[in-house]
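**Q** Got a structure for you, written out below as structure tokens; questions coming shortly.
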Amino acid sequence: MVGELAVSFCERKAGQVSTYLDLWSYPDGTYNLVIENFGGADQQELSFPCAFHQLAGVLGGKPLISQNESGMVVIDRCGNSVCAEFQPFDSPEQFRHCIPLEEYRHAIDALESNVIGYLA
């Protein structure tokens, strides 16, 4: 099944580690959440399956928690932001990416209405 990049949140910092949070959508209605960090010693790109109700639930105060063989990601509201934090199973080196709440809400609204192919 071929997925489509639906939403991408990027935090680029010159000379520092950059983080990305991407949502890929699939024809069967499922999503993959991809969290990445680039520019450091431990570059990682990790994928976590999820559903729309999990992504939207974050807006209502329900954390999205998912794990794969590498570690666990937790997405939760943090004041006026939505933060994704990756916690590896084999290392204390975690990384975090926060998105303004309204940008996340806009992305969820666009996913729900299915009017986007790519939102950055």
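Please note that chains go A, B, ... in the order of the structure tokens, that every chain numbers its residues from 1, and that ligands are numbered from 1 in the order shown.
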Residues of chain A classed as helix (DSSP H, G or I) by DSSP on the backbone are to be reported as an NGL selection string.
**A** :A and (52-60 or 101-113)
**Q** I'd like to know which residues of segment 11-104 of chain A are strand (DSSP E or B) (by DSSP, run on the backbone); could you write them as a VMD selection string?
**A** chain A and resid 11 18 to 25 31 to 38 44 to 50 64 to 67 71 to 78 81 to 88 95 to 100
**Q** Just how far from atom CA of Glu45 of chain A is atom CA of Glu102 of chain A, in Å to one decimal?
**A** 25.2 Å
